[in-house]
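Presented below is the structure to which this report refers.
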Amino acid sequence: MESTSRNQAANPLVALSDALASVVERVGQSTLAVHGRSRHALASGVVWNRGVMVTAAHVFRRTPAAVSVRAAGDKQLDATLVGIDSSTDIAVFRLPDDVAAAEIGDASAVKAGHLALAIGRSADGDVTASYGLVNRTAGAWQTWLGGQVDRLIRLDGGLYDGLSGGPVADAAGSVIGMATSALSRSYGIVVPASTVSRVVDALLTQGRVARAFIGIGAQPVEVAGTEPGVGLLVTSLARGGPADQAGILVGDIVVEVAGRPVATLHELRSALAQRIGERVRVALLRGGAPAEASVTVGEWPSERRAC
């Protein structure tokens, strides 16, 4: 018996297995099961701050006023909505403060090849987990709904059902972000802790995350004689929106905003970022001739998807 114990203690795989189980158990104390759009739609949530739960926004068909969650010890709790930021897939709820908050870490040093544990809780209240590698990391990026994410952290596969909205921990057991399957078609994404905290703070203090908006729908088109040879064809206008008020017309081609070329919607959003309330020059082509407009950048209305 003593020999067996010594062999197990010396086995690095056993040590790794025990260490991972310990991380899952510890982080699991701050992990909740969250019922989403239907009885069978399940997500996980994490107690980000005392009395504040974060989960994935995409699991709700409509914005809920409250949800039922299950915590460790089969404890059933009611959580009330603070706000949702669909662009980063984050929903924030208040809940009774008798569930311990997770230990939030720093995702800035995470590299491809690092271990990552996505942790959740089943509908029956059991802790669940998925273990793998960080597949890719990169700098700040923008989601397809215009959300600003501080760092790309991509997992080496998708996420099992029920893990979206749950915490992702590093090998030391610190929560480096929130797991989501909604921001990539092929991979699980970790919304880094710094982004989650920024969105949580904005929703708690303002009830929304402010994003720049000029009120156009647009698509890239080739534009001869310009650099980089592509502009944005205005296909629709929000009635009474900033672009409409500035005299921009459907059929105009936007080639530059605030001194920056815009060949894609991503570039347009980047040019508008942090400029709410400012007047910006918009360079256009109208009927093939150069034109311009002065647009006062507005704030993106809740859940609107135009730029």
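Residues are named by chain letter and number: chains run A, B, ... in the order of the structure tokens, numbers start at 1 in each chain, and ligands are numbered from 1 in the order shown.
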Checklist line | Nearby residues (only C-alpha atoms) at most 8 Å from region 102-118 of chain A, same-chain spacing under 4 positions excluded, as a PyMOL selection string | finding: chain A and resi 24+27+29-30+46-49+129-137+151+153+155+163+166-171+173-177+179+192-194
Closest pair table for region 168-224 of chain A residues within 10 Å of region 249-258 of chain A, only C-alpha atoms, as CSV:
```
residue,atom,partner,partner_atom,distance
A:Ile216,CA,A:Val250,CA,8.7
A:Gly217,CA,A:Val250,CA,9.0
A:Ala218,CA,A:Ile253,CA,8.7
A:Gln219,CA,A:Ile253,CA,9.3
A:Pro220,CA,A:Ile253,CA,8.9
A:Val221,CA,A:Ile253,CA,8.2
A:Glu222,CA,A:Ile253,CA,9.8
A:Val223,CA,A:Ile253,CA,8.5
```
Notebook entry, point to check: Quick one: DSSP helix (DSSP H, G or I) residues in region 218-259 of chain A, as a PyMOL selection string?
Noted result: chain A and resi 242-245
Item checked: Distance query Leu203 (chain A) at most 8 Å, only C-alpha atoms, self and fewer than 5 positions along chain excluded, as JSON, numbers by chain -> {"A": [82, 83, 84, 92, 208, 209]}
Mind running region 154-251 of chain A against region 260-264 of chain A at 7 Å and telling me each contacting residue's nearest atom pair with the distance in Å (one decimal), counting only C-alpha atoms, chain and number ascending, as a tab-separated table?
```
residue	atom	partner	partner_atom	distance
A:Pro220	CA	A:Thr264	CA	6.0
A:Val230	CA	A:Ala263	CA	5.1
A:Gly231	CA	A:Ala263	CA	4.7
A:Leu232	CA	A:Ala263	CA	6.1
```
Selection file, C-alpha atoms, as a tab-separated table (two decimals), in the first residue's frame:
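File produced: selection31.tsv:
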```tsv
chain	number	residue	atom	x	y	z
A	220	PRO	CA	-17.90	47.35	-49.42
A	230	VAL	CA	-12.62	50.14	-51.86
A	231	GLY	CA	-15.27	52.21	-50.12
A	232	LEU	CA	-18.55	51.64	-48.30
```
